[in-house]
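Enquirer: mmCIF, C-alpha atoms; chains and numbers go by the auth columns, saved as upload.cif, coming up:
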data_start
#
loop_
_atom_site.group_PDB
_atom_site.id
_atom_site.type_symbol
_atom_site.label_atom_id
_atom_site.label_comp_id
_atom_site.label_asym_id
_atom_site.label_seq_id
_atom_site.Cartn_x
_atom_site.Cartn_y
_atom_site.Cartn_z
_atom_site.B_iso_or_equiv
_atom_site.auth_seq_id
_atom_site.auth_asym_id
ATOM 1 C CA MET A 1 -9.932 -9.127 -4.983 0.00 1122 A
ATOM 2 C CA ASN A 2 -13.322 -8.171 -3.584 0.00 1123 A
ATOM 3 C CA ALA A 3 -14.706 -4.703 -4.145 0.00 1124 A
ATOM 4 C CA PRO A 4 -14.667 -2.578 -0.985 0.00 1125 A
ATOM 5 C CA SER A 5 -17.937 -2.129 0.880 0.00 1126 A
ATOM 6 C CA THR A 6 -16.670 0.754 3.012 0.00 1127 A
ATOM 7 C CA VAL A 7 -14.833 3.985 2.270 0.00 1128 A
ATOM 8 C CA THR A 8 -13.057 5.540 5.246 0.00 1129 A
ATOM 9 C CA PHE A 9 -12.337 9.260 5.501 0.00 1130 A
ATOM 10 C CA TYR A 10 -9.183 9.929 7.568 0.00 1131 A
ATOM 11 C CA MET A 11 -8.883 13.446 8.927 0.00 1132 A
ATOM 12 C CA GLU A 12 -8.195 15.683 11.888 0.00 1133 A
ATOM 13 C CA PRO A 13 -10.705 15.491 14.802 0.00 1134 A
ATOM 14 C CA PRO A 14 -12.425 18.893 14.217 0.00 1135 A
ATOM 15 C CA LEU A 15 -12.894 18.153 10.517 0.00 1136 A
ATOM 16 C CA ARG A 16 -14.070 14.613 11.302 0.00 1137 A
ATOM 17 C CA GLU A 17 -16.755 15.934 13.654 0.00 1138 A
ATOM 18 C CA SER A 18 -17.908 18.462 11.069 0.00 1139 A
ATOM 19 C CA ALA A 19 -18.103 15.686 8.463 0.00 1140 A
ATOM 20 C CA ARG A 20 -20.014 13.345 10.811 0.00 1141 A
ATOM 21 C CA LYS A 21 -22.615 16.057 11.397 0.00 1142 A
ATOM 22 C CA GLY A 22 -22.952 16.610 7.640 0.00 1143 A
ATOM 23 C CA ALA A 23 -21.804 20.201 8.135 0.00 1144 A
ATOM 24 C CA HIS A 24 -18.839 20.083 5.741 0.00 1145 A
ATOM 25 C CA ASN A 25 -20.191 20.773 2.262 0.00 1146 A
ATOM 26 C CA PHE A 26 -17.510 19.055 0.158 0.00 1147 A
ATOM 27 C CA ILE A 27 -17.184 15.952 2.341 0.00 1148 A
ATOM 28 C CA ARG A 28 -20.964 15.647 2.619 0.00 1149 A
ATOM 29 C CA ARG A 29 -21.314 15.716 -1.167 0.00 1150 A
ATOM 30 C CA VAL A 30 -18.582 13.120 -1.713 0.00 1151 A
ATOM 31 C CA ALA A 31 -20.045 10.917 1.054 0.00 1152 A
ATOM 32 C CA ASN A 32 -23.486 11.142 -0.579 0.00 1153 A
ATOM 33 C CA VAL A 33 -22.054 9.899 -3.878 0.00 1154 A
ATOM 34 C CA ILE A 34 -20.291 7.037 -2.093 0.00 1155 A
ATOM 35 C CA GLU A 35 -23.469 6.049 -0.231 0.00 1156 A
ATOM 36 C CA ARG A 36 -25.588 6.225 -3.396 0.00 1157 A
ATOM 37 C CA ALA A 37 -23.117 3.738 -4.878 0.00 1158 A
ATOM 38 C CA GLY A 38 -24.118 1.342 -2.088 0.00 1159 A
ATOM 39 C CA LEU A 39 -21.023 1.759 0.063 0.00 1160 A
ATOM 40 C CA GLU A 40 -20.760 2.623 3.731 0.00 1161 A
ATOM 41 C CA VAL A 41 -18.897 5.770 4.791 0.00 1162 A
ATOM 42 C CA ARG A 42 -16.786 5.867 7.941 0.00 1163 A
ATOM 43 C CA TYR A 43 -14.968 8.789 9.522 0.00 1164 A
ATOM 44 C CA ARG A 44 -11.747 8.188 11.437 0.00 1165 A
ATOM 45 C CA ASP A 45 -9.013 10.293 13.021 0.00 1166 A
ATOM 46 C CA PHE A 46 -5.463 10.107 11.789 0.00 1167 A
ATOM 47 C CA GLY A 47 -3.255 8.121 14.103 0.00 1168 A
ATOM 48 C CA ALA A 48 -0.046 9.556 15.492 0.00 1169 A
ATOM 49 C CA ARG A 49 1.632 8.896 12.131 0.00 1170 A
ATOM 50 C CA GLY A 50 -1.322 9.271 9.816 0.00 1171 A
ATOM 51 C CA ALA A 51 -3.866 6.739 8.609 0.00 1172 A
ATOM 52 C CA PRO A 52 -3.311 3.085 9.543 0.00 1173 A
ATOM 53 C CA ALA A 53 -1.922 0.950 6.730 0.00 1174 A
ATOM 54 C CA GLY A 54 -3.937 -1.544 4.738 0.00 1175 A
ATOM 55 C CA GLN A 55 -7.463 -0.493 5.682 0.00 1176 A
ATOM 56 C CA GLY A 56 -8.973 -0.517 2.176 0.00 1177 A
ATOM 57 C CA ALA A 57 -10.714 2.229 0.232 0.00 1178 A
ATOM 58 C CA SER A 58 -10.081 5.602 1.825 0.00 1179 A
ATOM 59 C CA LEU A 59 -9.850 9.358 1.425 0.00 1180 A
ATOM 60 C CA SER A 60 -7.208 11.130 3.538 0.00 1181 A
ATOM 61 C CA HIS A 61 -7.291 14.844 4.215 0.00 1182 A
ATOM 62 C CA MET A 62 -3.988 16.405 3.066 0.00 1183 A
ATOM 63 C CA LYS A 63 -1.899 13.365 4.051 0.00 1184 A
ATOM 64 C CA ALA A 64 -0.638 10.416 2.071 0.00 1185 A
ATOM 65 C CA PRO A 65 -3.206 7.671 1.612 0.00 1186 A
ATOM 66 C CA PRO A 66 -2.521 4.616 3.771 0.00 1187 A
ATOM 67 C CA ASP A 67 -2.251 2.230 0.806 0.00 1188 A
ATOM 68 C CA ASP A 68 -2.884 1.911 -2.921 0.00 1189 A
ATOM 69 C CA GLN A 69 -6.650 1.833 -2.348 0.00 1190 A
ATOM 70 C CA GLY A 70 -6.622 5.337 -0.899 0.00 1191 A
ATOM 71 C CA LEU A 71 -6.716 8.852 -2.277 0.00 1192 A
ATOM 72 C CA THR A 72 -5.851 12.253 -0.824 0.00 1193 A
ATOM 73 C CA PHE A 73 -8.221 15.213 -0.802 0.00 1194 A
ATOM 74 C CA ARG A 74 -7.494 18.835 -0.006 0.00 1195 A
ATOM 75 C CA ARG A 75 -8.792 22.308 -0.602 0.00 1196 A
ATOM 76 C CA VAL A 76 -6.837 23.978 -3.371 0.00 1197 A
ATOM 77 C CA TYR A 77 -5.946 27.606 -2.820 0.00 1198 A
ATOM 78 C CA HIS A 78 -9.430 28.938 -2.102 0.00 1199 A
ATOM 79 C CA TYR A 79 -12.802 27.571 -1.071 0.00 1200 A
ATOM 80 C CA PRO A 80 -14.837 26.027 -2.711 0.00 1201 A
ATOM 81 C CA PHE A 81 -12.209 24.338 -4.871 0.00 1202 A
ATOM 82 C CA TRP A 82 -11.037 20.851 -3.868 0.00 1203 A
ATOM 83 C CA GLN A 83 -8.785 18.227 -5.418 0.00 1204 A
ATOM 84 C CA ILE A 84 -8.776 14.437 -5.063 0.00 1205 A
ATOM 85 C CA GLU A 85 -5.492 12.784 -6.035 0.00 1206 A
ATOM 86 C CA GLN A 86 -3.481 9.591 -5.600 0.00 1207 A
ATOM 87 C CA THR A 87 -0.747 11.397 -3.703 0.00 1208 A
ATOM 88 C CA ALA A 88 -0.498 14.151 -1.120 0.00 1209 A
ATOM 89 C CA GLU A 89 2.512 15.594 -2.999 0.00 1210 A
ATOM 90 C CA ARG A 90 0.990 18.454 -4.988 0.00 1211 A
ATOM 91 C CA TRP A 91 3.983 18.738 -7.296 0.00 1212 A
ATOM 92 C CA ALA A 92 3.197 15.173 -8.488 0.00 1213 A
ATOM 93 C CA TRP A 93 -0.457 15.888 -9.336 0.00 1214 A
ATOM 94 C CA ASP A 94 -1.490 15.641 -12.968 0.00 1215 A
ATOM 95 C CA VAL A 95 -2.404 19.338 -13.027 0.00 1216 A
ATOM 96 C CA ALA A 96 1.097 20.289 -11.834 0.00 1217 A
ATOM 97 C CA GLN A 97 2.676 18.202 -14.584 0.00 1218 A
ATOM 98 C CA ALA A 98 0.352 19.370 -17.367 0.00 1219 A
ATOM 99 C CA ALA A 99 1.434 21.904 -19.940 0.00 1220 A
ATOM 100 C CA PHE A 100 -0.608 25.105 -19.959 0.00 1221 A
ATOM 101 C CA THR A 101 -2.566 25.410 -23.172 0.00 1222 A
ATOM 102 C CA PRO A 102 -4.927 28.406 -23.106 0.00 1223 A
ATOM 103 C CA ASP A 103 -8.215 28.107 -24.917 0.00 1224 A
ATOM 104 C CA PRO A 104 -8.137 30.205 -28.108 0.00 1225 A
ATOM 105 C CA ASP A 105 -11.578 31.598 -27.170 0.00 1226 A
ATOM 106 C CA PRO A 106 -11.089 33.352 -23.801 0.00 1227 A
ATOM 107 C CA ALA A 107 -14.794 34.107 -23.174 0.00 1228 A
ATOM 108 C CA GLU A 108 -15.343 31.238 -20.706 0.00 1229 A
ATOM 109 C CA ALA A 109 -12.140 32.055 -18.808 0.00 1230 A
ATOM 110 C CA GLN A 110 -13.180 35.707 -18.594 0.00 1231 A
ATOM 111 C CA ARG A 111 -16.642 34.726 -17.324 0.00 1232 A
ATOM 112 C CA PHE A 112 -15.103 32.372 -14.716 0.00 1233 A
ATOM 113 C CA PHE A 113 -12.627 35.044 -13.584 0.00 1234 A
ATOM 114 C CA ALA A 114 -15.263 37.783 -13.306 0.00 1235 A
ATOM 115 C CA PHE A 115 -17.655 35.529 -11.350 0.00 1236 A
ATOM 116 C CA TRP A 116 -15.069 34.427 -8.777 0.00 1237 A
ATOM 117 C CA GLN A 117 -13.466 37.851 -8.504 0.00 1238 A
ATOM 118 C CA GLN A 118 -16.853 39.306 -7.560 0.00 1239 A
ATOM 119 C CA ARG A 119 -17.818 36.408 -5.289 0.00 1240 A
ATOM 120 C CA LEU A 120 -14.543 36.285 -3.382 0.00 1241 A
ATOM 121 C CA PHE A 121 -13.491 39.921 -3.258 0.00 1242 A
ATOM 122 C CA ASN A 122 -16.628 41.939 -3.986 0.00 1243 A
ATOM 123 C CA GLU A 123 -15.962 45.706 -3.884 0.00 1244 A
ATOM 124 C CA GLN A 124 -12.304 45.196 -2.914 0.00 1245 A
ATOM 125 C CA THR A 125 -11.479 44.720 -6.594 0.00 1246 A
ATOM 126 C CA GLN A 126 -12.413 48.368 -7.201 0.00 1247 A
ATOM 127 C CA LYS A 127 -9.865 49.465 -4.584 0.00 1248 A
ATOM 128 C CA ALA A 128 -6.952 47.519 -6.083 0.00 1249 A
ATOM 129 C CA LYS A 129 -4.031 49.586 -7.330 0.00 1250 A
ATOM 130 C CA ARG A 130 -0.699 48.982 -8.949 0.00 1251 A
ATOM 131 C CA GLY A 131 2.402 49.377 -6.824 0.00 1252 A
ATOM 132 C CA GLY A 132 3.539 48.073 -3.477 0.00 1253 A
ATOM 133 C CA PHE A 133 3.848 44.413 -2.596 0.00 1254 A
ATOM 134 C CA VAL A 134 2.142 41.402 -4.141 0.00 1255 A
ATOM 135 C CA TYR A 135 1.402 38.317 -2.062 0.00 1256 A
ATOM 136 C CA VAL A 136 2.113 35.157 -4.073 0.00 1257 A
ATOM 137 C CA PRO A 137 1.601 31.847 -2.243 0.00 1258 A
ATOM 138 C CA LEU A 138 4.369 29.421 -3.163 0.00 1259 A
ATOM 139 C CA GLN A 139 2.560 26.133 -3.043 0.00 1260 A
#
Take the structure in this file and express it as C-alpha coordinates.

Expert:
Amino acid sequence: MNAPSTVTFYMEPPLRESARKGAHNFIRRVANVIERAGLEVRYRDFGARGAPAGQGASLSHMKAPPDDQGLTFRRVYHYPFWQIEQTAERWAWDVAQAAFTPDPDPAEAQRFFAFWQQRLFNEQTQKAKRGGFVYVPLQ
(Lines of atoms letter the chains of each structure in order from A and count residues from 1; the text may use other names and numbers.)
(Lines give C-alpha, C1' and ligand atoms only; values in the text may rest on other atoms or scores of the structure.)
Protein backbone atom coordinates (compact mmCIF):
# COMPACT_ATOMS: atom_id res chain seq x y z
CA MET A 1 0.00 0.00 0.00
CA ASN A 2 1.38 3.39 -1.00
CA ALA A 3 1.44 6.23 1.49
CA PRO A 4 -1.15 8.91 0.72
CA SER A 5 0.07 12.11 -0.92
CA THR A 6 -3.13 14.04 -0.21
CA VAL A 7 -5.26 14.58 2.87
CA THR A 8 -8.82 15.71 2.18
CA PHE A 9 -10.87 17.71 4.68
CA TYR A 10 -14.62 17.01 4.29
CA MET A 11 -16.89 19.63 5.79
CA GLU A 12 -19.89 21.88 5.37
CA PRO A 13 -19.60 24.63 2.69
CA PRO A 14 -19.24 27.64 5.09
CA LEU A 15 -16.55 25.87 7.10
CA ARG A 16 -14.81 24.72 3.90
CA GLU A 17 -14.63 28.30 2.62
CA SER A 18 -13.25 29.52 5.94
CA ALA A 19 -10.62 26.76 5.85
CA ARG A 20 -9.66 27.53 2.22
CA LYS A 21 -9.06 31.17 3.15
CA GLY A 22 -6.91 30.10 6.11
CA ALA A 23 -9.36 31.85 8.43
CA HIS A 24 -10.17 28.83 10.62
CA ASN A 25 -7.47 28.63 13.28
CA PHE A 26 -7.64 24.91 14.11
CA ILE A 27 -7.97 23.68 10.52
CA ARG A 28 -5.21 26.04 9.38
CA ARG A 29 -2.85 24.67 12.03
CA VAL A 30 -3.61 21.04 11.18
CA ALA A 31 -3.27 21.78 7.44
CA ASN A 32 0.11 23.43 8.07
CA VAL A 33 1.36 20.29 9.83
CA ILE A 34 0.11 18.12 6.96
CA GLU A 35 1.78 20.35 4.36
CA ARG A 36 5.06 20.45 6.29
CA ALA A 37 4.98 16.65 6.12
CA GLY A 38 5.04 16.98 2.33
CA LEU A 39 1.38 16.19 1.70
CA GLU A 40 -1.19 18.16 -0.24
CA VAL A 41 -4.33 19.41 1.52
CA ARG A 42 -7.69 19.48 -0.22
CA TYR A 43 -11.00 20.85 1.01
CA ARG A 44 -14.25 19.23 -0.12
CA ASP A 45 -17.94 19.49 0.73
CA PHE A 46 -19.81 16.56 2.17
CA GLY A 47 -22.01 14.89 -0.39
CA ALA A 48 -25.70 14.34 0.24
CA ARG A 49 -24.81 11.38 2.48
CA GLY A 50 -21.46 12.52 3.80
CA ALA A 51 -17.97 12.03 2.42
CA PRO A 52 -17.56 9.76 -0.62
CA ALA A 53 -16.22 6.30 0.18
CA GLY A 54 -12.69 5.16 -0.51
CA GLN A 55 -10.99 8.50 -1.15
CA GLY A 56 -7.90 7.93 1.01
CA ALA A 57 -6.53 9.94 3.91
CA SER A 58 -9.13 12.36 5.22
CA LEU A 59 -10.46 14.41 8.10
CA SER A 60 -14.26 14.75 8.34
CA HIS A 61 -15.94 17.44 10.38
CA MET A 62 -18.32 15.81 12.90
CA LYS A 63 -19.30 12.97 10.54
CA ALA A 64 -18.04 9.44 10.17
CA PRO A 65 -14.87 9.16 8.12
CA PRO A 66 -15.47 7.72 4.65
CA ASP A 67 -13.12 4.75 5.16
CA ASP A 68 -10.44 3.34 7.45
CA GLN A 69 -7.95 5.96 6.26
CA GLY A 70 -10.07 8.79 7.63
CA LEU A 71 -10.52 10.47 10.98
CA THR A 72 -13.23 12.70 12.44
CA PHE A 73 -12.57 16.10 13.98
CA ARG A 74 -14.89 18.27 16.04
CA ARG A 75 -14.87 21.04 18.57
CA VAL A 76 -15.38 19.64 22.04
CA TYR A 77 -17.69 21.60 24.30
CA HIS A 78 -16.00 24.99 24.02
CA TYR A 79 -13.58 26.74 21.71
CA PRO A 80 -10.58 26.36 21.41
CA PHE A 81 -10.69 22.66 22.30
CA TRP A 82 -10.84 20.14 19.44
CA GLN A 83 -10.67 16.36 19.18
CA ILE A 84 -9.49 14.12 16.35
CA GLU A 85 -10.76 10.54 16.55
CA GLN A 86 -11.32 7.42 14.46
CA THR A 87 -15.08 7.63 14.89
CA ALA A 88 -17.73 10.33 14.99
CA GLU A 89 -19.44 8.49 17.89
CA ARG A 90 -18.24 10.42 20.94
CA TRP A 91 -19.27 7.67 23.35
CA ALA A 92 -16.71 5.41 21.61
CA TRP A 93 -13.79 7.84 21.98
CA ASP A 94 -10.89 6.77 24.17
CA VAL A 95 -11.54 9.67 26.55
CA ALA A 96 -15.16 8.54 27.04
CA GLN A 97 -14.01 5.01 27.87
CA ALA A 98 -11.16 6.04 30.17
CA ALA A 99 -11.45 5.83 33.92
CA PHE A 100 -11.10 9.16 35.72
CA THR A 101 -7.96 9.21 37.81
CA PRO A 102 -7.35 12.65 39.35
CA ASP A 103 -3.79 13.79 39.78
CA PRO A 104 -2.83 13.68 43.47
CA ASP A 105 -1.31 17.18 43.09
CA PRO A 106 -4.21 19.43 42.01
CA ALA A 107 -2.10 22.56 41.36
CA GLU A 108 -2.02 22.17 37.55
CA ALA A 109 -5.76 21.45 37.40
CA GLN A 110 -6.45 24.52 39.53
CA ARG A 111 -4.24 26.68 37.29
CA PHE A 112 -5.98 25.33 34.15
CA PHE A 113 -9.43 25.92 35.66
CA ALA A 114 -8.64 29.47 36.81
CA PHE A 115 -7.14 30.43 33.43
CA TRP A 116 -10.09 29.18 31.37
CA GLN A 117 -12.70 30.44 33.83
CA GLN A 118 -11.25 33.94 33.49
CA ARG A 119 -10.74 33.71 29.73
CA LEU A 120 -14.20 32.36 28.94
CA PHE A 121 -16.38 34.04 31.54
CA ASN A 122 -14.39 37.01 32.81
CA GLU A 123 -16.33 39.01 35.44
CA GLN A 124 -19.40 36.76 35.12
CA THR A 125 -17.77 34.33 37.55
CA GLN A 126 -18.08 36.97 40.29
CA LYS A 127 -21.84 37.17 39.69
CA ALA A 128 -22.44 33.41 39.99
CA LYS A 129 -24.67 32.30 42.84
CA ARG A 130 -26.01 29.08 44.22
CA GLY A 131 -29.64 28.26 43.60
CA GLY A 132 -31.88 28.16 40.57
CA PHE A 133 -31.26 26.03 37.52
CA VAL A 134 -28.02 24.55 36.22
CA TYR A 135 -27.50 23.98 32.51
CA VAL A 136 -25.74 20.65 31.91
CA PRO A 137 -25.17 19.68 28.26
CA LEU A 138 -25.81 15.97 27.80
CA GLN A 139 -23.33 15.11 25.12

Enquirer: Could you work out how far atom CA of A:Ile1148 lies from atom CA of A:Ala1235, giving the answer in Å with one decimal?

Expert: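 Atom-to-atom, atom CA of A:Ala1235 to atom CA of A:Ile1148, that is 26.9 Å.
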
Enquirer: Pick the closest to A:Val1151 from A:Gln1245, A:Gln1238, A:Ser1179, A:Gln1190: which is it, counting only C-alpha atoms?

Expert: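 For A:Val1151, the nearest of the candidates is A:Ser1179.
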
Enquirer: Step by step, work through what the PyMOL selection byres ((chain A and resi 1191) around 12) selects in the shown file, and finish by giving those residues as a ChimeraX atom specification.

Expert: /A:1125,1127-1131,1172-1182,1184-1190,1192-1194,1205-1209

Enquirer: Neighbours of A:Phe1147 within 12 Å (all atoms listed in the file; same-chain residues fewer than 3 positions away dropped), as a PyMOL selection string?

Expert: chain A and resi 1136+1139-1140+1143-1144+1150-1154+1182+1194-1196+1200-1205

Enquirer: Figure out the distance between atom CA of A:Val1162 and atom CA of A:Glu1138, please, to one decimal in Å.

Expert: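 Going from atom CA of A:Glu1138 over to atom CA of A:Val1162 covers 13.7 Å.
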
Enquirer: So how many Å separate atom CA of A:Pro1134 and atom CA of A:Glu1161, to one decimal?

Expert: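 These two atoms are separated by 19.7 Å.
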
Enquirer: Produce stretch 1134-1150 of chain A of the given structure as output with all heavy atoms, as an mmCIF file, in the first residue's frame.

Expert:
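As a result, part_9.cif now contains:
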data_model
loop_
_atom_site.group_PDB
_atom_site.id
_atom_site.type_symbol
_atom_site.label_atom_id
_atom_site.label_comp_id
_atom_site.auth_asym_id
_atom_site.auth_seq_id
_atom_site.Cartn_x
_atom_site.Cartn_y
_atom_site.Cartn_z
ATOM 1 N N PRO A 1134 -20.103 23.553 3.551
ATOM 2 C CA PRO A 1134 -19.595 24.635 2.691
ATOM 3 C C PRO A 1134 -19.087 25.878 3.425
ATOM 4 O O PRO A 1134 -17.992 26.368 3.099
ATOM 5 C CB PRO A 1134 -20.780 24.956 1.773
ATOM 6 C CG PRO A 1134 -21.520 23.665 1.681
ATOM 7 C CD PRO A 1134 -21.391 23.043 3.057
ATOM 8 N N PRO A 1135 -19.785 26.431 4.429
ATOM 9 C CA PRO A 1135 -19.244 27.636 5.086
ATOM 10 C C PRO A 1135 -17.902 27.373 5.792
ATOM 11 O O PRO A 1135 -16.997 28.197 5.730
ATOM 12 C CB PRO A 1135 -20.322 28.026 6.096
ATOM 13 C CG PRO A 1135 -21.574 27.376 5.612
ATOM 14 C CD PRO A 1135 -21.135 26.115 4.941
ATOM 15 N N LEU A 1136 -17.791 26.215 6.422
ATOM 16 C CA LEU A 1136 -16.547 25.866 7.098
ATOM 17 C C LEU A 1136 -15.444 25.618 6.073
ATOM 18 O O LEU A 1136 -14.291 26.015 6.269
ATOM 19 C CB LEU A 1136 -16.754 24.640 7.992
ATOM 20 C CG LEU A 1136 -15.571 24.218 8.847
ATOM 21 C CD1 LEU A 1136 -15.138 25.342 9.785
ATOM 22 C CD2 LEU A 1136 -15.917 22.961 9.637
ATOM 23 N N ARG A 1137 -15.780 24.974 4.968
ATOM 24 C CA ARG A 1137 -14.813 24.724 3.901
ATOM 25 C C ARG A 1137 -14.239 26.036 3.376
ATOM 26 O O ARG A 1137 -13.035 26.185 3.196
ATOM 27 C CB ARG A 1137 -15.455 23.937 2.763
ATOM 28 C CG ARG A 1137 -14.435 23.539 1.691
ATOM 29 C CD ARG A 1137 -15.057 23.350 0.328
ATOM 30 N NE ARG A 1137 -15.563 24.629 -0.135
ATOM 31 C CZ ARG A 1137 -16.751 24.812 -0.675
ATOM 32 N NH1 ARG A 1137 -17.586 23.823 -0.828
ATOM 33 N NH2 ARG A 1137 -17.134 26.001 -1.067
ATOM 34 N N GLU A 1138 -15.096 27.017 3.137
ATOM 35 C CA GLU A 1138 -14.630 28.303 2.620
ATOM 36 C C GLU A 1138 -13.727 29.004 3.633
ATOM 37 O O GLU A 1138 -12.709 29.587 3.267
ATOM 38 C CB GLU A 1138 -15.816 29.189 2.228
ATOM 39 C CG GLU A 1138 -16.441 28.777 0.921
ATOM 40 C CD GLU A 1138 -15.427 28.639 -0.212
ATOM 41 O OE1 GLU A 1138 -14.614 29.568 -0.436
ATOM 42 O OE2 GLU A 1138 -15.415 27.583 -0.867
ATOM 43 N N SER A 1139 -14.087 28.945 4.893
ATOM 44 C CA SER A 1139 -13.254 29.521 5.941
ATOM 45 C C SER A 1139 -11.887 28.838 5.968
ATOM 46 O O SER A 1139 -10.847 29.500 6.074
ATOM 47 C CB SER A 1139 -13.961 29.374 7.292
ATOM 48 O OG SER A 1139 -13.147 29.837 8.326
ATOM 49 N N ALA A 1140 -11.879 27.522 5.847
ATOM 50 C CA ALA A 1140 -10.625 26.762 5.847
ATOM 51 C C ALA A 1140 -9.781 27.104 4.622
ATOM 52 O O ALA A 1140 -8.565 27.292 4.731
ATOM 53 C CB ALA A 1140 -10.926 25.270 5.886
ATOM 54 N N ARG A 1141 -10.402 27.186 3.457
ATOM 55 C CA ARG A 1141 -9.665 27.527 2.222
ATOM 56 C C ARG A 1141 -8.974 28.881 2.330
ATOM 57 O O ARG A 1141 -7.885 29.068 1.826
ATOM 58 C CB ARG A 1141 -10.618 27.553 1.035
ATOM 59 C CG ARG A 1141 -10.805 26.232 0.407
ATOM 60 C CD ARG A 1141 -11.367 26.378 -0.989
ATOM 61 N NE ARG A 1141 -11.504 25.045 -1.537
ATOM 62 C CZ ARG A 1141 -12.544 24.619 -2.208
ATOM 63 N NH1 ARG A 1141 -13.551 25.436 -2.472
ATOM 64 N NH2 ARG A 1141 -12.599 23.390 -2.653
ATOM 65 N N LYS A 1142 -9.631 29.825 2.991
ATOM 66 C CA LYS A 1142 -9.064 31.166 3.151
ATOM 67 C C LYS A 1142 -7.994 31.211 4.249
ATOM 68 O O LYS A 1142 -7.346 32.234 4.441
ATOM 69 C CB LYS A 1142 -10.169 32.166 3.501
ATOM 70 C CG LYS A 1142 -11.164 32.380 2.387
ATOM 71 C CD LYS A 1142 -12.298 33.277 2.872
ATOM 72 C CE LYS A 1142 -13.377 33.396 1.822
ATOM 73 N NZ LYS A 1142 -14.553 34.135 2.328
ATOM 74 N N GLY A 1143 -7.856 30.115 4.996
ATOM 75 C CA GLY A 1143 -6.909 30.103 6.110
ATOM 76 C C GLY A 1143 -7.439 30.818 7.330
ATOM 77 O O GLY A 1143 -6.697 31.144 8.248
ATOM 78 N N ALA A 1144 -8.756 31.075 7.360
ATOM 79 C CA ALA A 1144 -9.360 31.850 8.434
ATOM 80 C C ALA A 1144 -9.766 31.013 9.639
ATOM 81 O O ALA A 1144 -10.081 31.560 10.688
ATOM 82 C CB ALA A 1144 -10.589 32.601 7.898
ATOM 83 N N HIS A 1145 -9.781 29.699 9.501
ATOM 84 C CA HIS A 1145 -10.170 28.833 10.620
ATOM 85 C C HIS A 1145 -8.903 28.370 11.333
ATOM 86 O O HIS A 1145 -8.109 27.610 10.783
ATOM 87 C CB HIS A 1145 -10.982 27.642 10.118
ATOM 88 C CG HIS A 1145 -11.639 26.893 11.223
ATOM 89 N ND1 HIS A 1145 -10.937 26.021 12.024
ATOM 90 C CD2 HIS A 1145 -12.902 26.915 11.674
ATOM 91 C CE1 HIS A 1145 -11.758 25.515 12.920
ATOM 92 N NE2 HIS A 1145 -12.954 26.045 12.730
ATOM 93 N N ASN A 1146 -8.709 28.843 12.538
ATOM 94 C CA ASN A 1146 -7.469 28.629 13.279
ATOM 95 C C ASN A 1146 -7.083 27.152 13.406
ATOM 96 O O ASN A 1146 -5.964 26.770 13.074
ATOM 97 C CB ASN A 1146 -7.577 29.286 14.656
ATOM 98 C CG ASN A 1146 -6.265 29.272 15.395
ATOM 99 O OD1 ASN A 1146 -5.227 29.559 14.821
ATOM 100 N ND2 ASN A 1146 -6.310 28.954 16.671
ATOM 101 N N PHE A 1147 -7.967 26.316 13.894
ATOM 102 C CA PHE A 1147 -7.642 24.910 14.114
ATOM 103 C C PHE A 1147 -7.329 24.201 12.799
ATOM 104 O O PHE A 1147 -6.305 23.520 12.678
ATOM 105 C CB PHE A 1147 -8.801 24.197 14.836
ATOM 106 C CG PHE A 1147 -8.587 22.713 14.954
ATOM 107 C CD1 PHE A 1147 -7.725 22.191 15.901
ATOM 108 C CD2 PHE A 1147 -9.244 21.835 14.105
ATOM 109 C CE1 PHE A 1147 -7.515 20.829 16.006
ATOM 110 C CE2 PHE A 1147 -9.051 20.471 14.202
ATOM 111 C CZ PHE A 1147 -8.179 19.962 15.156
ATOM 112 N N ILE A 1148 -8.182 24.357 11.806
ATOM 113 C CA ILE A 1148 -7.967 23.685 10.523
ATOM 114 C C ILE A 1148 -6.687 24.193 9.867
ATOM 115 O O ILE A 1148 -5.911 23.410 9.311
ATOM 116 C CB ILE A 1148 -9.191 23.849 9.601
ATOM 117 C CG1 ILE A 1148 -10.404 23.165 10.233
ATOM 118 C CG2 ILE A 1148 -8.908 23.293 8.208
ATOM 119 C CD1 ILE A 1148 -11.718 23.441 9.525
ATOM 120 N N ARG A 1149 -6.442 25.484 9.955
ATOM 121 C CA ARG A 1149 -5.209 26.041 9.382
ATOM 122 C C ARG A 1149 -3.979 25.414 10.027
ATOM 123 O O ARG A 1149 -3.031 25.033 9.350
ATOM 124 C CB ARG A 1149 -5.179 27.557 9.560
ATOM 125 C CG ARG A 1149 -3.934 28.190 8.909
ATOM 126 C CD ARG A 1149 -3.847 29.686 9.144
ATOM 127 N NE ARG A 1149 -3.499 29.938 10.539
ATOM 128 C CZ ARG A 1149 -4.255 30.610 11.406
ATOM 129 N NH1 ARG A 1149 -5.410 31.124 11.034
ATOM 130 N NH2 ARG A 1149 -3.871 30.789 12.653
ATOM 131 N N ARG A 1150 -4.006 25.256 11.336
ATOM 132 C CA ARG A 1150 -2.850 24.667 12.028
ATOM 133 C C ARG A 1150 -2.646 23.199 11.639
ATOM 134 O O ARG A 1150 -1.517 22.761 11.420
ATOM 135 C CB ARG A 1150 -3.017 24.803 13.536
ATOM 136 C CG ARG A 1150 -2.846 26.227 14.013
ATOM 137 C CD ARG A 1150 -3.210 26.359 15.489
ATOM 138 N NE ARG A 1150 -3.129 27.715 15.940
ATOM 139 C CZ ARG A 1150 -2.107 28.214 16.629
ATOM 140 N NH1 ARG A 1150 -1.100 27.446 16.937
ATOM 141 N NH2 ARG A 1150 -2.118 29.465 16.999
#
